[in-house]
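Colleague: Okay, here's the structure, questions in a sec.
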Amino acid sequence: MTDTKTQVGVRRNRAWNSPSAIFLLGVVIIPTILAIATTARTSPDDADYVRMAFATVIGATVAIVTVVGLGVFFLRRRSPYLFWYTLGTLAVVAFQISAISSAADTLLDRLAMS
């Protein structure tokens with residue numbers, strides 16, 4: 001008679017896979033890296049202004065997609081904090097739309113000055 005052992009899979013909770021980490025990455029880290037990467041090191045010209053404006057728009061879009069995606073995630077899990085997360089999502093989306101509008105206005109002003 002042989003003893004058979006069944007191997008039980010252990011699911012490890014990874015820190016980068018948590019909703020908090022995804023929120024931090026999508027709303028704070030990626031837009032900040034984009035802004036730093038596109039900032040002109042010397043006096044900016046027209047191409048630098050356009051690059052910075054596009055980086056702002058891309059970062060804001062990533063943030064909006066992140067919070068909406070996490071909102072769908074919490075909705076499917078029927079989270080008890082869905083109301084509060086929805087309020088936070090609306091605040092982030094409103095702020096990011098304002099940032100996109102501000103980037104467009106700033107780009108037009110800077111291009112008119114040069």
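Ordering of the structure tokens sets the chain letters (A, B, ...); residue numbers start at 1 within each chain; ligands are numbered from 1 in the order shown.
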Determine which residues of chain A DSSP labels as alpha helix (DSSP H) from the backbone of this structure, then write them out as a VMD selection string.

Modeller: chain A and resid 19 to 24 30 to 38 46 to 77 82 to 113

Colleague: Compile the contact shell of Ala60 (chain A) as a PyMOL selection string: residues with an atom at most 12 Å away, counting only C-alpha atoms, same-chain residues fewer than 3 positions apart removed.

Modeller: chain A and resi 26-32+34-35+53-57+63-67+92-103

Colleague: Quick one: pull the distance between CA of Phe23 (chain A) and CA of Ile36 (chain A), Å, one decimal.

Modeller: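 For CA of Phe23 (chain A) relative to CA of Ile36 (chain A), the distance reads 19.4 Å.
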